[in-house]
Structure formats: C-alpha cells, structure tokens
$ cat data.tsv   # TSV, C-alpha atoms
chain	number	residue	atom	x	y	z
K	1	MET	CA	0.00	0.00	0.00
K	2	ILE	CA	1.17	3.54	-0.80
K	3	LEU	CA	0.33	6.63	1.23
K	4	LEU	CA	0.18	9.58	-1.17
K	5	THR	CA	-0.12	13.08	0.25
K	6	GLY	CA	-1.36	15.69	-2.21
K	7	GLY	CA	-2.77	12.86	-4.30
K	8	ALA	CA	-5.74	14.89	-5.55
K	9	GLY	CA	-3.48	17.68	-6.77
K	10	PHE	CA	-1.73	18.20	-10.07
K	11	ILE	CA	1.28	15.89	-9.94
K	12	GLY	CA	-0.30	13.67	-7.31
K	13	SER	CA	-3.39	12.83	-9.38
K	14	ASN	CA	-1.27	12.09	-12.45
K	15	LEU	CA	0.81	9.72	-10.34
K	16	HIS	CA	-2.32	8.18	-8.84
K	17	ALA	CA	-3.72	7.52	-12.32
K	18	ALA	CA	-0.56	5.61	-13.18
K	19	LEU	CA	-0.62	3.68	-9.90
K	20	ALA	CA	-4.30	2.83	-10.40
K	21	GLY	CA	-3.38	1.50	-13.83
K	22	ARG	CA	-0.96	-0.86	-12.08
K	23	GLY	CA	-3.64	-2.02	-9.65
K	24	GLN	CA	-1.81	-0.41	-6.74
K	25	GLU	CA	-3.80	0.30	-3.58
K	26	VAL	CA	-3.35	3.93	-2.52
K	27	ILE	CA	-4.44	6.02	0.47
K	28	ILE	CA	-4.66	9.67	-0.55
K	29	VAL	CA	-4.31	12.43	2.02
K	30	ASP	CA	-5.61	15.69	0.56
K	31	ARG	CA	-8.49	18.15	0.47
K	32	LEU	CA	-10.84	18.36	-2.50
K	33	ARG	CA	-12.51	21.66	-1.61
K	34	GLY	CA	-13.96	23.49	-4.63
K	35	ALA	CA	-12.76	24.46	-8.10
K	36	GLY	CA	-13.58	20.98	-9.41
K	37	LYS	CA	-10.50	19.35	-7.90
K	38	TRP	CA	-12.45	16.12	-7.43
K	39	ARG	CA	-12.40	15.70	-11.20
K	40	ASN	CA	-8.66	14.97	-10.97
K	41	LEU	CA	-9.69	11.63	-9.40
K	42	ARG	CA	-12.92	11.03	-11.30
K	43	ALA	CA	-11.47	8.36	-13.60
K	44	HIS	CA	-9.57	6.58	-10.81
K	45	PRO	CA	-11.15	6.93	-7.35
K	46	PRO	CA	-8.69	6.03	-4.58
K	47	ALA	CA	-9.10	3.22	-2.07
K	48	SER	CA	-9.26	5.88	0.64
K	49	LEU	CA	-9.30	9.67	0.70
K	50	LEU	CA	-8.54	11.39	4.00
K	51	PRO	CA	-8.21	15.06	4.95
K	52	PRO	CA	-4.80	16.18	6.28
K	53	GLU	CA	-6.17	16.57	9.81
K	54	ALA	CA	-6.80	12.80	9.88
K	55	LEU	CA	-3.16	11.99	9.12
K	56	ASP	CA	-1.98	11.75	12.74
K	57	ASP	CA	-4.68	9.21	13.60
K	58	LEU	CA	-3.85	7.23	10.49
K	59	LEU	CA	-0.15	7.09	11.33
K	60	SER	CA	-0.90	6.14	14.94
K	61	ALA	CA	-2.90	3.16	13.68
K	62	HIS	CA	0.25	1.79	11.97
K	63	PRO	CA	-1.33	1.10	8.58
K	64	PRO	CA	0.38	-1.50	6.34
K	65	VAL	CA	2.04	1.19	4.23
K	66	GLU	CA	5.17	0.25	2.30
K	67	THR	CA	5.93	3.68	0.82
K	68	VAL	CA	5.00	7.26	1.58
K	69	VAL	CA	5.03	9.60	-1.42
K	70	HIS	CA	4.82	13.08	0.03
K	71	LEU	CA	3.67	15.63	-2.55
K	72	GLY	CA	1.30	17.66	-0.40
K	73	ALA	CA	2.41	21.25	0.18
K	74	ILE	CA	1.48	24.91	0.12
K	75	SER	CA	3.03	25.47	-3.28
K	76	SER	CA	2.21	29.09	-4.02
K	77	THR	CA	5.36	31.11	-4.69
K	78	THR	CA	3.52	34.21	-3.45
K	79	ALA	CA	2.40	32.68	-0.12
K	80	THR	CA	2.97	34.99	2.85
K	81	ASP	CA	1.71	33.03	5.90
K	82	GLY	CA	5.05	31.82	7.17
K	83	ASP	CA	3.61	29.78	10.05
K	84	ALA	CA	1.25	27.83	7.79
K	85	VAL	CA	3.91	27.26	5.13
K	86	TRP	CA	6.47	26.09	7.70
K	87	ALA	CA	4.01	23.73	9.38
K	88	THR	CA	2.86	22.21	6.10
K	89	ASN	CA	6.02	22.15	4.02
K	90	THR	CA	8.72	21.61	6.62
K	91	GLU	CA	7.36	20.23	9.90
K	92	LEU	CA	4.95	17.78	8.27
K	93	SER	CA	7.72	16.53	5.99
K	94	LEU	CA	9.97	15.99	9.01
K	95	LYS	CA	7.21	14.12	10.85
K	96	LEU	CA	6.73	11.78	7.90
K	97	TRP	CA	10.50	11.26	7.58
K	98	HIS	CA	10.77	10.16	11.21
K	99	TRP	CA	7.66	7.98	10.97
K	100	CYS	CA	9.05	6.22	7.90
K	101	ALA	CA	12.45	5.79	9.52
K	102	SER	CA	10.93	4.24	12.65
K	103	ARG	CA	8.62	1.94	10.69
K	104	GLY	CA	10.98	0.87	7.91
K	105	VAL	CA	8.81	2.59	5.27
K	106	ARG	CA	10.22	4.05	2.06
K	107	PHE	CA	9.90	7.82	1.64
K	108	LEU	CA	9.78	9.88	-1.56
K	109	TYR	CA	9.13	13.61	-1.32
K	110	ALA	CA	8.76	16.74	-3.40
K	111	SER	CA	11.38	19.44	-3.11
K	112	SER	CA	11.51	22.28	-5.63
K	113	ALA	CA	13.73	24.19	-8.03
K	114	ALA	CA	12.59	27.26	-6.08
K	115	THR	CA	15.27	26.27	-3.55
K	116	TYR	CA	17.90	27.55	-6.02
K	117	GLY	CA	16.80	31.17	-5.75
K	118	ASP	CA	18.07	33.39	-8.55
K	119	GLY	CA	20.36	30.65	-9.85
K	120	THR	CA	23.64	32.43	-9.13
K	121	ALA	CA	24.72	29.44	-7.04
K	122	GLY	CA	23.97	27.10	-9.96
K	123	PHE	CA	21.52	24.21	-10.26
K	124	ASP	CA	23.64	21.38	-8.90
K	125	ASP	CA	21.60	18.90	-6.85
K	126	ASP	CA	24.47	18.21	-4.46
K	127	GLN	CA	22.81	16.88	-1.31
K	128	ALA	CA	25.66	17.73	1.06
K	129	ALA	CA	24.70	20.19	3.78
K	130	SER	CA	27.64	22.42	2.86
K	131	ALA	CA	26.42	22.67	-0.75
K	132	LEU	CA	22.80	23.26	0.24
K	133	ALA	CA	23.85	26.01	2.64
K	134	ARG	CA	25.01	28.12	-0.31
K	135	LEU	CA	21.50	28.35	-1.77
K	136	ARG	CA	19.34	31.42	-1.18
K	137	PRO	CA	15.66	30.88	-2.10
K	138	LEU	CA	13.77	33.98	-3.22
K	139	ASN	CA	10.39	33.21	-1.66
K	140	LEU	CA	8.79	31.60	1.37
K	141	TYR	CA	7.76	28.47	-0.52
K	142	GLY	CA	11.28	27.83	-1.79
K	143	TRP	CA	12.75	28.53	1.64
K	144	SER	CA	10.42	26.03	3.35
K	145	LYS	CA	11.40	23.30	0.88
K	146	HIS	CA	15.07	24.21	1.25
K	147	ALA	CA	14.80	24.01	5.04
K	148	PHE	CA	13.63	20.42	4.84
K	149	ASP	CA	16.34	19.46	2.33
K	150	LEU	CA	18.89	20.90	4.77
K	151	ARG	CA	17.38	19.00	7.69
K	152	VAL	CA	17.59	15.72	5.80
K	153	ALA	CA	21.22	16.40	4.90
K	154	ARG	CA	22.07	17.04	8.55
K	155	LEU	CA	20.23	13.97	9.80
K	156	LEU	CA	22.15	11.84	7.32
K	157	ALA	CA	25.47	13.48	8.22
K	158	GLU	CA	24.80	12.80	11.91
K	159	GLY	CA	24.09	9.13	11.19
K	160	LYS	CA	20.51	9.35	12.47
K	161	SER	CA	17.95	6.75	11.49
K	162	ARG	CA	16.58	7.08	7.97
K	163	PRO	CA	13.95	5.39	5.83
K	164	PRO	CA	15.14	2.27	3.96
K	165	GLN	CA	14.77	4.28	0.75
K	166	TRP	CA	14.54	8.05	0.56
K	167	ALA	CA	14.52	10.37	-2.42
K	168	GLY	CA	13.73	14.05	-2.78
K	169	LEU	CA	12.89	15.52	-6.18
K	170	LYS	CA	13.55	19.15	-7.04
K	171	PHE	CA	10.72	19.72	-9.48
K	172	PHE	CA	11.37	22.40	-12.09
K	173	ASN	CA	8.49	23.93	-14.13
K	174	VAL	CA	6.00	21.09	-14.49
K	175	TYR	CA	3.09	21.41	-16.93
K	176	GLY	CA	0.28	19.12	-18.03
K	177	PRO	CA	-3.32	18.05	-17.32
K	178	ASN	CA	-5.12	18.12	-13.95
K	179	GLU	CA	-3.69	21.48	-12.88
K	180	TYR	CA	-6.91	23.38	-13.54
K	181	HIS	CA	-7.82	23.86	-9.85
K	182	LYS	CA	-4.62	25.81	-9.13
K	183	GLY	CA	-5.91	29.25	-10.05
K	184	GLY	CA	-3.07	31.73	-10.36
K	185	MET	CA	-0.49	28.97	-9.91
K	186	VAL	CA	-1.34	27.03	-13.07
K	187	SER	CA	1.51	26.49	-15.50
K	188	VAL	CA	2.41	29.19	-17.98
K	189	VAL	CA	1.51	26.74	-20.76
K	190	LYS	CA	-2.12	26.66	-19.61
K	191	VAL	CA	-2.20	30.44	-19.17
K	192	LYS	CA	-0.83	31.09	-22.68
K	193	TYR	CA	-3.25	28.59	-24.22
K	194	ASP	CA	-6.22	30.29	-22.56
K	195	GLU	CA	-5.04	33.65	-23.90
K	196	VAL	CA	-4.66	32.57	-27.51
K	197	ALA	CA	-7.80	30.39	-27.43
K	198	ALA	CA	-9.73	33.53	-26.43
K	199	GLY	CA	-8.41	35.28	-29.54
K	200	GLY	CA	-5.80	37.44	-27.86
K	201	PRO	CA	-2.01	37.36	-27.87
K	202	ALA	CA	0.16	35.27	-25.58
K	203	ARG	CA	1.28	37.83	-23.00
K	204	LEU	CA	4.81	37.57	-21.64
K	205	PHE	CA	6.53	39.55	-18.90
K	206	ARG	CA	9.02	42.17	-19.92
K	207	SER	CA	12.50	41.40	-18.69
K	208	ASP	CA	13.49	42.93	-15.36
K	209	ARG	CA	17.17	42.09	-15.87
K	210	PRO	CA	19.56	44.50	-17.63
K	211	GLY	CA	20.83	43.03	-20.88
K	212	LEU	CA	18.13	40.34	-21.07
K	213	GLU	CA	15.63	40.84	-23.88
K	214	ASP	CA	11.89	40.58	-23.35
K	215	GLY	CA	10.77	36.97	-23.69
K	216	ALA	CA	14.33	35.68	-23.46
K	217	GLN	CA	13.85	34.53	-19.87
K	218	ARG	CA	14.49	30.81	-19.89
K	219	ARG	CA	13.13	28.06	-17.69
K	220	ASP	CA	13.41	24.30	-17.57
K	221	PHE	CA	9.89	23.10	-18.43
K	222	ILE	CA	9.06	19.42	-17.84
K	223	TRP	CA	6.04	17.41	-18.99
K	224	VAL	CA	4.13	15.90	-16.06
K	225	GLY	CA	4.28	12.47	-17.68
K	226	ASP	CA	8.06	12.55	-17.33
K	227	VAL	CA	7.72	13.44	-13.64
K	228	VAL	CA	5.41	10.46	-13.13
K	229	ALA	CA	7.83	8.20	-15.02
K	230	VAL	CA	10.65	9.14	-12.64
K	231	LEU	CA	8.47	8.59	-9.57
K	232	LEU	CA	7.44	5.16	-10.85
K	233	TRP	CA	11.08	4.32	-11.54
K	234	LEU	CA	11.99	5.23	-7.98
K	235	LEU	CA	9.16	3.07	-6.67
K	236	ASP	CA	10.50	0.21	-8.80
K	237	THR	CA	14.13	0.83	-7.80
K	238	PRO	CA	14.32	0.83	-3.98
K	239	SER	CA	18.12	0.86	-4.02
K	240	VAL	CA	18.20	4.49	-5.23
K	241	ASN	CA	18.53	7.18	-2.57
K	242	GLY	CA	19.30	10.88	-2.80
K	243	LEU	CA	18.21	14.39	-3.65
K	244	PHE	CA	17.72	14.80	-7.39
K	245	ASN	CA	16.79	17.52	-9.84
K	246	LEU	CA	13.78	16.73	-11.98
K	247	GLY	CA	13.64	18.87	-15.09
K	248	SER	CA	14.21	18.25	-18.77
K	249	GLY	CA	17.82	19.39	-18.50
K	250	GLN	CA	17.29	22.03	-21.19
K	251	ALA	CA	16.24	25.63	-20.54
K	252	ARG	CA	13.85	27.09	-23.12
K	253	SER	CA	12.72	30.67	-23.56
K	254	TYR	CA	9.24	31.96	-22.95
K	255	LEU	CA	9.17	32.98	-26.60
K	256	ASP	CA	9.79	29.33	-27.52
K	257	LEU	CA	6.98	28.27	-25.22
K	258	ALA	CA	4.50	30.83	-26.55
K	259	GLY	CA	5.33	29.85	-30.13
K	260	ALA	CA	4.79	26.17	-29.32
K	261	VAL	CA	1.42	26.93	-27.71
K	262	CYS	CA	0.28	28.89	-30.77
K	263	ALA	CA	1.41	26.10	-33.09
K	264	ALA	CA	-0.36	23.43	-31.04
K	265	ALA	CA	-3.55	25.52	-30.97
K	266	GLY	CA	-3.36	26.07	-34.73
K	267	VAL	CA	-3.10	29.86	-34.61
K	268	ALA	CA	-0.55	32.27	-36.01
K	269	PRO	CA	2.06	33.37	-33.45
K	270	ARG	CA	1.00	36.48	-31.59
K	271	ILE	CA	2.96	37.82	-28.63
K	272	ALA	CA	2.51	40.89	-26.41
K	273	PHE	CA	4.77	42.04	-23.58
K	274	ILE	CA	3.47	43.32	-20.26
K	275	ASP	CA	5.11	44.67	-17.11
K	276	MET	CA	5.99	42.18	-14.39
K	277	PRO	CA	3.57	42.29	-11.41
K	278	GLN	CA	4.95	44.00	-8.33
K	279	ALA	CA	4.40	40.82	-6.30
K	280	LEU	CA	6.98	39.02	-8.44
K	281	ALA	CA	9.57	41.80	-8.56
K	282	GLY	CA	12.80	40.57	-7.03
K	283	GLN	CA	11.44	37.02	-6.72
K	284	TYR	CA	11.38	36.02	-10.38
K	285	GLN	CA	13.74	33.36	-11.70
K	286	SER	CA	14.88	34.50	-15.16
K	287	PHE	CA	16.84	31.30	-15.75
K	288	THR	CA	16.54	27.72	-14.53
K	289	GLU	CA	18.10	24.58	-15.97
K	290	ALA	CA	18.31	21.30	-14.15
K	291	ARG	CA	21.58	19.43	-14.01
K	292	MET	CA	20.41	15.88	-14.59
K	293	ASP	CA	23.69	13.97	-14.34
K	294	ARG	CA	23.06	12.68	-10.80
K	295	LEU	CA	19.70	11.12	-11.71
K	296	ARG	CA	21.30	9.64	-14.83
K	297	ALA	CA	24.20	8.28	-12.78
K	298	ALA	CA	21.66	6.66	-10.44
K	299	GLY	CA	20.37	4.69	-13.42
K	300	TYR	CA	17.45	6.60	-14.93
K	301	ARG	CA	17.71	6.16	-18.70
K	302	ALA	CA	14.42	7.32	-20.26
K	303	ALA	CA	14.45	10.37	-22.51
K	304	PHE	CA	12.59	13.53	-21.50
K	305	THR	CA	9.80	14.91	-23.67
K	306	PRO	CA	10.84	17.89	-25.86
K	307	LEU	CA	8.94	21.08	-25.09
K	308	GLU	CA	7.11	21.27	-28.43
K	309	GLN	CA	5.97	17.65	-28.15
K	310	GLY	CA	4.80	18.01	-24.56
K	311	ILE	CA	2.89	21.20	-25.29
K	312	ARG	CA	1.27	19.64	-28.34
K	313	ARG	CA	0.09	16.67	-26.23
K	314	TYR	CA	-1.21	18.91	-23.48
K	315	VAL	CA	-3.05	21.30	-25.80
K	316	GLN	CA	-4.47	18.83	-28.30
K	317	ASP	CA	-5.08	15.77	-26.11
K	318	HIS	CA	-6.37	17.62	-23.06
K	319	LEU	CA	-7.03	21.37	-23.28
K	320	MET	CA	-8.84	21.08	-26.62
K	321	ALA	CA	-10.54	17.78	-25.72
K	322	ALA	CA	-14.04	17.26	-24.32
K	323	ASP	CA	-12.50	15.67	-21.22
K	324	ARG	CA	-9.36	17.51	-20.14
K	325	TYR	CA	-8.50	15.18	-17.29
K	326	VAL	CA	-6.23	12.16	-16.84
$ encode --input "data.tsv" --output "structure tokens"
Amino acid sequence: MILLTGGAGFIGSNLHAALAGRGQEVIIVDRLRGAGKWRNLRAHPPASLLPPEALDDLLSAHPPVETVVHLGAISSTTATDGDAVWATNTELSLKLWHWCASRGVRFLYASSAATYGDGTAGFDDDQAASALARLRPLNLYGWSKHAFDLRVARLLAEGKSRPPQWAGLKFFNVYGPNEYHKGGMVSVVKVKYDEVAAGGPARLFRSDRPGLEDGAQRRDFIWVGDVVAVLLWLLDTPSVNGLFNLGSGQARSYLDLAGAVCAAAGVAPRIAFIDMPQALAGQYQSFTEARMDRLRAAGYRAAFTPLEQGIRRYVQDHLMAADRYV
C-alpha cells in the first residue's frame, strides 16, 4: 500500500492515475474543496481519501504502508503566511520522515527548483549540507522546501535513522493536465493557451534584468508524464537514494513556449509584452536549468519529452478535448 499526500493535486493525481493502472492500492491524504478538484480523481477513485487533519490518527494506527510519497504542500510562490507554510512544508515533511524511519517505510518527497533562488549558485543537486547552505531561495515556498532538504542532509550526516529508501525531487516547471484547480499557480503553458484560445495574444513579462531581452527569460519546463515516469522508476528501484533535480535538462525561452502553444492551438504566433507584477519583482527566476547527471548516474535512462511535443500533447489531447483530465 502507498500513502500519497497531495494525491488529488496536479502531480499527485497524475501519479495516482498511473498507480491505479498498475492495480496499486493507494491512500490519498488531501483536500478536494472546490474548483472541481475532485475531477482529478474522477477516472480513478482512490481506495481511501482522508483530509490532512486525519493523518496523525492514520499514522498512529500503523497502517500497512510500504511507501509514503509526500507531494502535499502549500506550493504558491507568493504565499505569505510563514507559520502555515512552515508547518505544512517543513514540519509535516519531518514528521513523515521520522515515521518512515521508525517503521521501515520508504519515503519519496517533493522538493523544488525554487530552492535555487536566482540561480547564481547554480543548479547542482548536491545533497551535502555544505552545498545546500550556499543556496538562497527567493520566496517563502522555496525557503520552506530548502529548510527540509537541509534538515535531511544534517540527519544523514549525523548518522541518524533514515527510511530504507529516501529520495527528494527538485521539481522544475511542471506542466500538463489536472492542474486546472490551481488558479493563479497554473503552468504558464495553460495560461498562454487560454489567452490565444480567447483570440488574444500570448502575453509575456518584460525582462526585469539588464541586458536580457523581453521573452528571453528561460526556464526548464518538464512534462508531467516525465515526472510520473521518474516517480514510478523510484518506486520500482528501492536501491536508489538521494536528492535529485527533476527537469528536462534544457532551458527554453518563454518565446519558444509561446510559439509552441500557438502552433499546437493552430493559430498564427501572436505575442505581447506586459510589465511584471509588483508581487513578483525581485522574486522572479529569469533562468533555470536542471543538471540531470546525478539522476542519470543513479540509473534513470528514459528520454525527457521535448517542449514542443509536450505542449502539443497537453493542448491537443487535453485542453482542446471534451475531457481535459487524466
């Protein structure tokens, strides 16, 4: 049995669909609330769906869980409630780590590329505490994820008990179906599709960096199917431990992305530039690119989906389809 936190969310529901296809029994810990989030699970209802406040009772009952996949988090990069973010993203992760270590349960968890801050320290997924200490996240969300990565590194360095398998994944810019409930935090691919589908231009932020042209900001965008493939590989390969980047390994510009969205939607390219919102000023990553050599060295061999192919699949197989969900 797998315990999957955040299993009704974007990445979590895509993973759950794949696990359901394998016949895997899963307990999901998440909230459905409104915005149609339940539709993420409509095609593959879980064996059990519990709210986060029921987690302590569940863990105290010592369920026959073999693996915890911890994807639940406050993931907004503009979140400001530090107490709530710390409790959810850092303290809960630490509680699950210790529970898994004491019970001999495998533990996979979501970190984030937001831990790298503005990228001046590079994008090397070195898990040593000394390497992690050089990173300076730009926002509360990234800091909370970074704090847990640091705690894990220190626990390991001190020789404290650890789960029989542990792996943290620094997700870069993930896009794909089942993200529709996320409001302002949906992927830029979905936002640009909605803009061009409504007949307008794809709007991109003007550069806030001297010497960087508008639209030349580059990010590492990764198709959600590739994220699920890596998670399944980790579940199938219990000998692999570590903190790993999870991106495509290739940064692409926002102009590239907007052009791919227009092509997939069958419209002529149309781009407009707008000022960056004040809430993002000083917190915006103008460049991200995952170093993927550590995951490759651990044995992951599958190719990652090129941006144009992933966007075409997302737009044509989901956003333009009668049923957008996985």
$ closest_residue --input "data.tsv" --among "K:Val186, K:Ala216, K:Val69, K:Ala110" --to "Ser286 (chain K)" --atoms "all atoms listed in the file"
K:Ala216
$ closest_residue --input "data.tsv" --among "K:Val65, K:Leu55, K:Ala251, K:Ala268" --to "Arg291 (chain K)" --atoms "only C-alpha atoms"
K:Ala251
$ residues_around --input "data.tsv" --residues "Phe221 (chain K)" --least-positions-apart "3" --cutoff "7 Å" --atoms "only C-alpha atoms" --output "number ranges by chain"
K: 172-174, 247-248
$ residues_around --input "data.tsv" --residues "Arg313 (chain K)" --least-positions-apart "5" --cutoff "10 Å" --atoms "all atoms listed in the file" --output "list of chain:residue names"
K:Gly176, K:Pro177, K:Trp223, K:Ala264, K:Leu307, K:Glu308, K:His318, K:Leu319, K:Met320
$ atom_distance --input "data.tsv" --atom1 "CA of Ala298 (chain K)" --atom2 "CA of Ser187 (chain K)"
28.7 Å
$ residues_around --input "data.tsv" --residues "Arg22 (chain K)" --least-positions-apart "5" --cutoff "12 Å" --atoms "all atoms listed in the file" --output "PDB file with C-alpha atoms, in the coordinates of the input"
ATOM      1  CA  LEU K  15       0.810   9.720 -10.340  1.00  0.00           C
ATOM      2  CA  HIS K  16      -2.320   8.180  -8.840  1.00  0.00           C
ATOM      3  CA  ALA K  17      -3.720   7.520 -12.320  1.00  0.00           C
ATOM      4  CA  HIS K  44      -9.570   6.580 -10.810  1.00  0.00           C
ATOM      5  CA  LEU K 232       7.440   5.160 -10.850  1.00  0.00           C
ATOM      6  CA  ASP K 236      10.500   0.210  -8.800  1.00  0.00           C
TER       7      ASP K 236
END
$ closest_residue --input "data.tsv" --among "K:Val196, K:Ala290, K:Leu132, K:Leu19" --to "Gly266 (chain K)" --atoms "all atoms listed in the file"
K:Val196
$ atom_distance --input "data.tsv" --atom1 "CA of Pro164 (chain K)" --atom2 "CA of Ser112 (chain K)"
22.5 Å
$ closest_residue --input "data.tsv" --among "K:Leu257, K:Arg209, K:Pro201, K:Asn40" --to "Tyr180 (chain K)" --atoms "all atoms listed in the file"
K:Asn40
$ decode --input "data.tsv" --residues "region 92-110 of chain K" --atoms "N, CA and C atoms" --output "PDB file, in the first residue's frame"
ATOM      1  N   LEU K  92       5.651  18.996   8.672  1.00  0.00           N
ATOM      2  CA  LEU K  92       4.952  17.777   8.273  1.00  0.00           C
ATOM      3  C   LEU K  92       5.901  16.827   7.547  1.00  0.00           C
ATOM      4  N   SER K  93       6.751  17.378   6.704  1.00  0.00           N
ATOM      5  CA  SER K  93       7.725  16.532   5.992  1.00  0.00           C
ATOM      6  C   SER K  93       8.648  15.839   6.986  1.00  0.00           C
ATOM      7  N   LEU K  94       9.090  16.568   8.006  1.00  0.00           N
ATOM      8  CA  LEU K  94       9.973  15.986   9.012  1.00  0.00           C
ATOM      9  C   LEU K  94       9.254  14.903   9.811  1.00  0.00           C
ATOM     10  N   LYS K  95       7.991  15.133  10.137  1.00  0.00           N
ATOM     11  CA  LYS K  95       7.208  14.124  10.854  1.00  0.00           C
ATOM     12  C   LYS K  95       7.119  12.832  10.038  1.00  0.00           C
ATOM     13  N   LEU K  96       6.843  12.967   8.752  1.00  0.00           N
ATOM     14  CA  LEU K  96       6.733  11.784   7.902  1.00  0.00           C
ATOM     15  C   LEU K  96       8.079  11.089   7.749  1.00  0.00           C
ATOM     16  N   TRP K  97       9.157  11.857   7.644  1.00  0.00           N
ATOM     17  CA  TRP K  97      10.497  11.259   7.584  1.00  0.00           C
ATOM     18  C   TRP K  97      10.747  10.376   8.797  1.00  0.00           C
ATOM     19  N   HIS K  98      10.510  10.910   9.986  1.00  0.00           N
ATOM     20  CA  HIS K  98      10.773  10.157  11.213  1.00  0.00           C
ATOM     21  C   HIS K  98       9.843   8.947  11.328  1.00  0.00           C
ATOM     22  N   TRP K  99       8.589   9.110  10.924  1.00  0.00           N
ATOM     23  CA  TRP K  99       7.658   7.975  10.966  1.00  0.00           C
ATOM     24  C   TRP K  99       8.145   6.859  10.036  1.00  0.00           C
ATOM     25  N   CYS K 100       8.560   7.225   8.843  1.00  0.00           N
ATOM     26  CA  CYS K 100       9.046   6.218   7.896  1.00  0.00           C
ATOM     27  C   CYS K 100      10.327   5.553   8.412  1.00  0.00           C
ATOM     28  N   ALA K 101      11.212   6.350   8.995  1.00  0.00           N
ATOM     29  CA  ALA K 101      12.454   5.791   9.518  1.00  0.00           C
ATOM     30  C   ALA K 101      12.173   4.795  10.638  1.00  0.00           C
ATOM     31  N   SER K 102      11.224   5.118  11.511  1.00  0.00           N
ATOM     32  CA  SER K 102      10.930   4.239  12.647  1.00  0.00           C
ATOM     33  C   SER K 102      10.177   2.990  12.237  1.00  0.00           C
ATOM     34  N   ARG K 103       9.455   3.062  11.124  1.00  0.00           N
ATOM     35  CA  ARG K 103       8.622   1.937  10.691  1.00  0.00           C
ATOM     36  C   ARG K 103       9.236   1.134   9.544  1.00  0.00           C
ATOM     37  N   GLY K 104      10.386   1.572   9.037  1.00  0.00           N
ATOM     38  CA  GLY K 104      10.984   0.872   7.907  1.00  0.00           C
ATOM     39  C   GLY K 104      10.202   1.061   6.624  1.00  0.00           C
ATOM     40  N   VAL K 105       9.641   2.261   6.438  1.00  0.00           N
ATOM     41  CA  VAL K 105       8.815   2.587   5.273  1.00  0.00           C
ATOM     42  C   VAL K 105       9.607   3.490   4.338  1.00  0.00           C
ATOM     43  N   ARG K 106       9.534   3.230   3.063  1.00  0.00           N
ATOM     44  CA  ARG K 106      10.222   4.048   2.062  1.00  0.00           C
ATOM     45  C   ARG K 106       9.571   5.427   1.980  1.00  0.00           C
ATOM     46  N   PHE K 107      10.391   6.440   1.613  1.00  0.00           N
ATOM     47  CA  PHE K 107       9.903   7.820   1.641  1.00  0.00           C
ATOM     48  C   PHE K 107      10.414   8.584   0.421  1.00  0.00           C
ATOM     49  N   LEU K 108       9.479   9.013  -0.419  1.00  0.00           N
ATOM     50  CA  LEU K 108       9.781   9.883  -1.556  1.00  0.00           C
ATOM     51  C   LEU K 108       9.074  11.214  -1.305  1.00  0.00           C
ATOM     52  N   TYR K 109       9.754  12.311  -1.612  1.00  0.00           N
ATOM     53  CA  TYR K 109       9.130  13.605  -1.323  1.00  0.00           C
ATOM     54  C   TYR K 109       9.455  14.637  -2.398  1.00  0.00           C
ATOM     55  N   ALA K 110       8.601  15.648  -2.438  1.00  0.00           N
ATOM     56  CA  ALA K 110       8.757  16.744  -3.399  1.00  0.00           C
ATOM     57  C   ALA K 110       9.551  17.870  -2.776  1.00  0.00           C
TER      58      ALA K 110
END
